Amino acid sequence: MNRTESIQLLNQAVADELQAVHQYMYFHFHLADQGFGPLSLLFKRIAIMEMGHVELLAERILFLKGDVEMVPAGPVAKITEPEAVLAKAMAMEEEGVISYNQAAVKCAALADSASKQIFEQLVKDEETHYDQFEKQLDNVKRFGTSFLVLQSIGQGEAGGTPAAG
């Protein structure tokens, strides 16, 4: 097994996951500010899942005796329009699926089955995130942003509990 190549692949994934955490938290803050509580909470939940991915990747890097590079892949895109937010998130998840599939193939060629399995799990998770964002975007396209407002009716503060009344 070539640990160096596996560590490089894993660190690239850390960068991508950190980028997703930053981007999704940015979306979470702005969507909450616009009153779109349920969509905001979706981004927060997925950002937390992405943090779990960073931890999983970091543990593998350290097991391989590498150093975890905690540098996001790029800057946060300043997007606040719900439809554009969802389109950006879907694009990010789709890129992740492609990248992680390629990394899984490379890890298999390196005889690093444990890293390959991590990348395969990330593919499954990213596909699930993509599906969640796609459903939201489809509904926004069908019903407009009023769909997001209707989701928020009866929701309390950012915690998602019904308002007292």
# chains A, B, ... in the order shown; residues from 1 in each chain; ligands from 1
$ closest_atom_pairs --of "range 3-82 of chain A" --to "range 98-109 of chain A" --cutoff "9 Å" --atoms "only C-alpha atoms" --output "Markdown table"
| residue | atom | partner | partner_atom | distance |
| --- | --- | --- | --- | --- |
| A:Glu5 | CA | A:Cys107 | CA | 8.4 |
| A:Ser6 | CA | A:Cys107 | CA | 6.4 |
| A:Leu9 | CA | A:Ala103 | CA | 6.4 |
| A:Leu10 | CA | A:Ala103 | CA | 8.4 |
| A:Ala13 | CA | A:Tyr100 | CA | 7.7 |
$ residues_around --residues "Ala73 in chain A" --least-positions-apart "5" --cutoff "10 Å" --atoms "only C-alpha atoms" --output "short mmCIF file (atom, residue, chain, number, x, y, z; two decimals) with N, CA and C atoms, in the first residue's frame"
data_model
loop_
_atom_site.label_atom_id
_atom_site.label_comp_id
_atom_site.auth_asym_id
_atom_site.auth_seq_id
_atom_site.Cartn_x
_atom_site.Cartn_y
_atom_site.Cartn_z
N GLN A 12 -7.50 15.55 0.52
CA GLN A 12 -8.32 16.30 -0.44
C GLN A 12 -9.79 16.21 -0.04
N ALA A 13 -10.18 15.04 0.43
CA ALA A 13 -11.56 14.86 0.91
C ALA A 13 -11.82 15.72 2.15
N VAL A 14 -10.84 15.81 3.04
CA VAL A 14 -10.99 16.69 4.21
C VAL A 14 -11.22 18.12 3.75
N ALA A 15 -10.46 18.58 2.77
CA ALA A 15 -10.61 19.95 2.25
C ALA A 15 -12.01 20.15 1.67
N ASP A 16 -12.49 19.16 0.93
CA ASP A 16 -13.82 19.26 0.33
C ASP A 16 -14.91 19.26 1.40
N GLU A 17 -14.75 18.41 2.40
CA GLU A 17 -15.75 18.35 3.47
C GLU A 17 -15.76 19.64 4.31
N LEU A 18 -14.57 20.17 4.58
CA LEU A 18 -14.51 21.45 5.32
C LEU A 18 -15.17 22.56 4.50
N GLN A 19 -14.95 22.55 3.20
CA GLN A 19 -15.60 23.53 2.33
C GLN A 19 -17.11 23.41 2.45
N ALA A 20 -17.61 22.18 2.43
CA ALA A 20 -19.05 21.96 2.55
C ALA A 20 -19.57 22.45 3.90
#
$ residues_around --residues "Ile118 in chain A" --least-positions-apart "3" --cutoff "9 Å" --atoms "only C-alpha atoms" --output "count of residues only"
10
$ closest_residue --among "A:Ile7, A:Glu83, A:Leu42, A:Glu50" --to "Gly144 in chain A" --atoms "only C-alpha atoms"
A:Glu83
$ residues_around --residues "Val21 in chain A" --least-positions-apart "2" --cutoff "10 Å" --atoms "only C-alpha atoms" --output "number ranges by chain"
A: 15-19, 23-27, 43-44, 46-51, 54, 72, 76
$ write_last_selection --atoms "N, CA and C atoms" --output "PDB file, in the first residue's frame"
ATOM      1  N   ALA A  15     -10.455  18.584   2.774  1.00  0.00           N
ATOM      2  CA  ALA A  15     -10.611  19.948   2.250  1.00  0.00           C
ATOM      3  C   ALA A  15     -12.009  20.148   1.672  1.00  0.00           C
ATOM      4  N   ASP A  16     -12.490  19.161   0.929  1.00  0.00           N
ATOM      5  CA  ASP A  16     -13.821  19.256   0.329  1.00  0.00           C
ATOM      6  C   ASP A  16     -14.913  19.262   1.400  1.00  0.00           C
ATOM      7  N   GLU A  17     -14.752  18.414   2.403  1.00  0.00           N
ATOM      8  CA  GLU A  17     -15.750  18.352   3.472  1.00  0.00           C
ATOM      9  C   GLU A  17     -15.756  19.635   4.315  1.00  0.00           C
ATOM     10  N   LEU A  18     -14.568  20.175   4.583  1.00  0.00           N
ATOM     11  CA  LEU A  18     -14.509  21.452   5.315  1.00  0.00           C
ATOM     12  C   LEU A  18     -15.167  22.563   4.503  1.00  0.00           C
ATOM     13  N   GLN A  19     -14.952  22.546   3.202  1.00  0.00           N
ATOM     14  CA  GLN A  19     -15.596  23.526   2.332  1.00  0.00           C
ATOM     15  C   GLN A  19     -17.111  23.406   2.446  1.00  0.00           C
ATOM     16  N   GLN A  23     -19.689  26.262   3.720  1.00  0.00           N
ATOM     17  CA  GLN A  23     -20.719  26.725   2.794  1.00  0.00           C
ATOM     18  C   GLN A  23     -22.113  26.470   3.358  1.00  0.00           C
ATOM     19  N   TYR A  24     -22.326  25.279   3.897  1.00  0.00           N
ATOM     20  CA  TYR A  24     -23.656  24.937   4.394  1.00  0.00           C
ATOM     21  C   TYR A  24     -24.022  25.732   5.646  1.00  0.00           C
ATOM     22  N   MET A  25     -23.044  26.039   6.487  1.00  0.00           N
ATOM     23  CA  MET A  25     -23.354  26.878   7.644  1.00  0.00           C
ATOM     24  C   MET A  25     -23.680  28.304   7.192  1.00  0.00           C
ATOM     25  N   TYR A  26     -22.996  28.781   6.172  1.00  0.00           N
ATOM     26  CA  TYR A  26     -23.327  30.097   5.599  1.00  0.00           C
ATOM     27  C   TYR A  26     -24.780  30.080   5.107  1.00  0.00           C
ATOM     28  N   PHE A  27     -25.139  29.024   4.379  1.00  0.00           N
ATOM     29  CA  PHE A  27     -26.521  28.913   3.897  1.00  0.00           C
ATOM     30  C   PHE A  27     -27.487  28.840   5.075  1.00  0.00           C
ATOM     31  N   PHE A  43     -29.749  22.413   6.151  1.00  0.00           N
ATOM     32  CA  PHE A  43     -28.342  22.732   5.903  1.00  0.00           C
ATOM     33  C   PHE A  43     -27.496  22.564   7.162  1.00  0.00           C
ATOM     34  N   LYS A  44     -28.041  22.926   8.303  1.00  0.00           N
ATOM     35  CA  LYS A  44     -27.296  22.753   9.551  1.00  0.00           C
ATOM     36  C   LYS A  44     -27.047  21.273   9.831  1.00  0.00           C
ATOM     37  N   ILE A  46     -26.942  18.771   7.719  1.00  0.00           N
ATOM     38  CA  ILE A  46     -25.997  18.193   6.766  1.00  0.00           C
ATOM     39  C   ILE A  46     -24.586  18.707   7.039  1.00  0.00           C
ATOM     40  N   ALA A  47     -24.448  19.968   7.454  1.00  0.00           N
ATOM     41  CA  ALA A  47     -23.119  20.486   7.819  1.00  0.00           C
ATOM     42  C   ALA A  47     -22.537  19.669   8.974  1.00  0.00           C
ATOM     43  N   ILE A  48     -23.368  19.308   9.924  1.00  0.00           N
ATOM     44  CA  ILE A  48     -22.906  18.499  11.055  1.00  0.00           C
ATOM     45  C   ILE A  48     -22.481  17.112  10.567  1.00  0.00           C
ATOM     46  N   MET A  49     -23.232  16.550   9.632  1.00  0.00           N
ATOM     47  CA  MET A  49     -22.842  15.257   9.055  1.00  0.00           C
ATOM     48  C   MET A  49     -21.504  15.382   8.327  1.00  0.00           C
ATOM     49  N   GLU A  50     -21.299  16.496   7.633  1.00  0.00           N
ATOM     50  CA  GLU A  50     -20.031  16.714   6.928  1.00  0.00           C
ATOM     51  C   GLU A  50     -18.881  16.824   7.929  1.00  0.00           C
ATOM     52  N   MET A  51     -19.139  17.404   9.100  1.00  0.00           N
ATOM     53  CA  MET A  51     -18.120  17.446  10.148  1.00  0.00           C
ATOM     54  C   MET A  51     -17.751  16.030  10.586  1.00  0.00           C
ATOM     55  N   VAL A  54     -15.337  14.682   8.173  1.00  0.00           N
ATOM     56  CA  VAL A  54     -13.977  15.186   8.422  1.00  0.00           C
ATOM     57  C   VAL A  54     -13.321  14.351   9.516  1.00  0.00           C
ATOM     58  N   PRO A  72      -9.931  24.376   4.062  1.00  0.00           N
ATOM     59  CA  PRO A  72     -11.052  24.201   3.127  1.00  0.00           C
ATOM     60  C   PRO A  72     -10.597  24.334   1.675  1.00  0.00           C
ATOM     61  N   VAL A  76     -16.123  30.566   0.585  1.00  0.00           N
ATOM     62  CA  VAL A  76     -17.571  30.414   0.651  1.00  0.00           C
ATOM     63  C   VAL A  76     -18.204  31.283  -0.433  1.00  0.00           C
TER      64      VAL A  76
END
